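Coordinates from input_6.cif are shown below (mmCIF, C-alpha atoms, pLDDT in the B column; chains and numbers go by the auth columns).
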```
data_upload
#
loop_
_atom_site.group_PDB
_atom_site.id
_atom_site.type_symbol
_atom_site.label_atom_id
_atom_site.label_comp_id
_atom_site.label_asym_id
_atom_site.label_seq_id
_atom_site.Cartn_x
_atom_site.Cartn_y
_atom_site.Cartn_z
_atom_site.B_iso_or_equiv
_atom_site.auth_seq_id
_atom_site.auth_asym_id
ATOM 1 C CA MET A 1 36.109 33.271 68.126 51.00 1 A
ATOM 2 C CA TYR A 2 36.418 36.469 66.168 56.00 2 A
ATOM 3 C CA ILE A 3 39.542 38.255 64.874 58.00 3 A
ATOM 4 C CA GLY A 4 39.660 40.691 67.823 53.00 4 A
ATOM 5 C CA GLU A 5 40.222 37.860 70.270 53.00 5 A
ATOM 6 C CA LEU A 6 42.876 36.388 68.032 53.00 6 A
ATOM 7 C CA LEU A 7 44.771 39.698 67.949 54.00 7 A
ATOM 8 C CA CYS A 8 44.304 40.308 71.711 51.00 8 A
ATOM 9 C CA PHE A 9 42.294 43.511 71.227 51.00 9 A
ATOM 10 C CA GLY A 10 39.750 42.355 73.765 50.00 10 A
ATOM 11 C CA LEU A 11 42.458 41.779 76.370 45.00 11 A
ATOM 12 C CA ASN A 12 43.860 45.325 76.046 49.00 12 A
ATOM 13 C CA ARG A 13 47.402 44.145 75.449 51.00 13 A
ATOM 14 C CA SER A 14 49.639 44.190 72.444 51.00 14 A
ATOM 15 C CA LEU A 15 51.306 41.319 70.701 51.00 15 A
ATOM 16 C CA ALA A 16 54.860 40.782 71.898 64.00 16 A
ATOM 17 C CA SER A 17 57.523 41.214 69.236 68.00 17 A
ATOM 18 C CA LEU A 18 61.087 42.471 68.784 65.00 18 A
ATOM 19 C CA LEU A 19 60.100 45.065 66.207 70.00 19 A
ATOM 20 C CA PRO A 20 61.308 48.579 67.065 69.00 20 A
ATOM 21 C CA TRP A 21 57.819 50.095 67.212 70.00 21 A
ATOM 22 C CA ASP A 22 56.658 47.499 69.776 70.00 22 A
ATOM 23 C CA ILE A 23 59.494 48.027 72.268 69.00 23 A
ATOM 24 C CA PRO A 24 58.828 50.119 75.404 70.00 24 A
ATOM 25 C CA TRP A 25 61.733 52.572 74.898 69.00 25 A
ATOM 26 C CA HIS A 26 60.874 54.469 78.098 76.00 26 A
ATOM 27 C CA ASP A 27 62.489 51.691 80.145 77.00 27 A
ATOM 28 C CA PRO A 28 66.303 52.187 80.164 82.00 28 A
ATOM 29 C CA SER A 29 67.023 48.468 80.395 82.00 29 A
ATOM 30 C CA HIS A 30 65.022 47.838 77.216 79.00 30 A
ATOM 31 C CA THR A 31 66.845 50.658 75.457 81.00 31 A
ATOM 32 C CA VAL A 32 70.303 49.353 76.356 87.00 32 A
ATOM 33 C CA PHE A 33 69.459 45.756 75.493 86.00 33 A
ATOM 34 C CA PHE A 34 67.837 46.479 72.150 84.00 34 A
ATOM 35 C CA LEU A 35 70.498 48.981 71.084 89.00 35 A
ATOM 36 C CA ALA A 36 73.107 46.291 71.734 93.00 36 A
ATOM 37 C CA PHE A 37 70.913 43.645 70.064 91.00 37 A
ATOM 38 C CA TYR A 38 70.280 45.647 66.895 91.00 38 A
ATOM 39 C CA GLY A 39 73.911 46.807 66.871 96.00 39 A
ATOM 40 C CA ALA A 40 75.117 43.216 66.933 97.00 40 A
ATOM 41 C CA LEU A 41 72.640 42.230 64.213 96.00 41 A
ATOM 42 C CA GLY A 42 73.820 45.175 62.117 96.00 42 A
ATOM 43 C CA ALA A 43 77.490 44.240 62.539 98.00 43 A
ATOM 44 C CA ILE A 44 76.777 40.615 61.622 98.00 44 A
ATOM 45 C CA GLY A 45 74.723 41.700 58.616 97.00 45 A
ATOM 46 C CA MET A 46 77.422 44.081 57.372 98.00 46 A
ATOM 47 C CA GLY A 47 80.058 41.381 57.800 97.00 47 A
ATOM 48 C CA MET A 48 77.946 38.981 55.772 98.00 48 A
ATOM 49 C CA MET A 49 77.515 41.579 53.017 98.00 49 A
ATOM 50 C CA VAL A 50 81.275 42.239 52.898 98.00 50 A
ATOM 51 C CA ALA A 51 81.982 38.499 52.734 97.00 51 A
ATOM 52 C CA LEU A 52 79.455 38.073 49.926 97.00 52 A
ATOM 53 C CA ALA A 53 80.877 41.036 47.983 96.00 53 A
ATOM 54 C CA ARG A 54 84.451 39.762 48.331 94.00 54 A
ATOM 55 C CA THR A 55 83.378 36.289 47.251 92.00 55 A
ATOM 56 C CA LEU A 56 81.641 37.641 44.164 91.00 56 A
ATOM 57 C CA LEU A 57 84.664 39.798 43.295 91.00 57 A
ATOM 58 C CA ASP A 58 87.005 36.828 43.694 88.00 58 A
ATOM 59 C CA LEU A 59 84.783 34.700 41.461 87.00 59 A
ATOM 60 C CA ARG A 60 84.880 37.357 38.714 87.00 60 A
ATOM 61 C CA LYS A 61 88.658 37.431 38.556 83.00 61 A
ATOM 62 C CA SER A 62 89.951 35.773 35.419 71.00 62 A
ATOM 63 C CA ASP A 63 93.225 34.614 37.015 70.00 63 A
ATOM 64 C CA SER A 64 91.461 32.445 39.601 57.00 64 A
ATOM 65 C CA ASP A 65 92.887 28.983 40.355 62.00 65 A
ATOM 66 C CA HIS A 66 89.438 27.383 40.499 58.00 66 A
#
```

Could you spell out this file's structure in structure tokens?
Amino acid sequence: MYIGELLCFGLNRSLASLLPWDIPWHDPSHTVFFLAFYGALGAIGMGMMVALARTLLDLRKSDSDH
């Protein structure tokens, strides 16, 4: 087996992934799903960053009860 078979070049198909450059954006159902998917991931990620920032700020306070 050579690397072309491993990467499916010989089969004329691409590797399936959720990366934005591998998504067939011409299909409206894919567009709606992945916009919602990446939107939800973005909201979760931003919420996690806010929680981390607030935690770090609370830990830096000198009048903490901990």

Atom CA of A:Gly45 to atom CA of A:Val32, distance in Å rounded to a single decimal: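 Interatomic distance here is 19.8 Å.
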
Atom CA of A:Met46 to atom CA of A:Thr31, straight-line distance in Å: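 Between atom CA of A:Thr31 and atom CA of A:Met46 the gap is 22.0 Å.
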
Atom CA of A:Leu19 to atom CA of A:Tyr38, distance in Å rounded to a single decimal: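 Taking atom CA of A:Leu19 and atom CA of A:Tyr38, their separation equals 10.2 Å.
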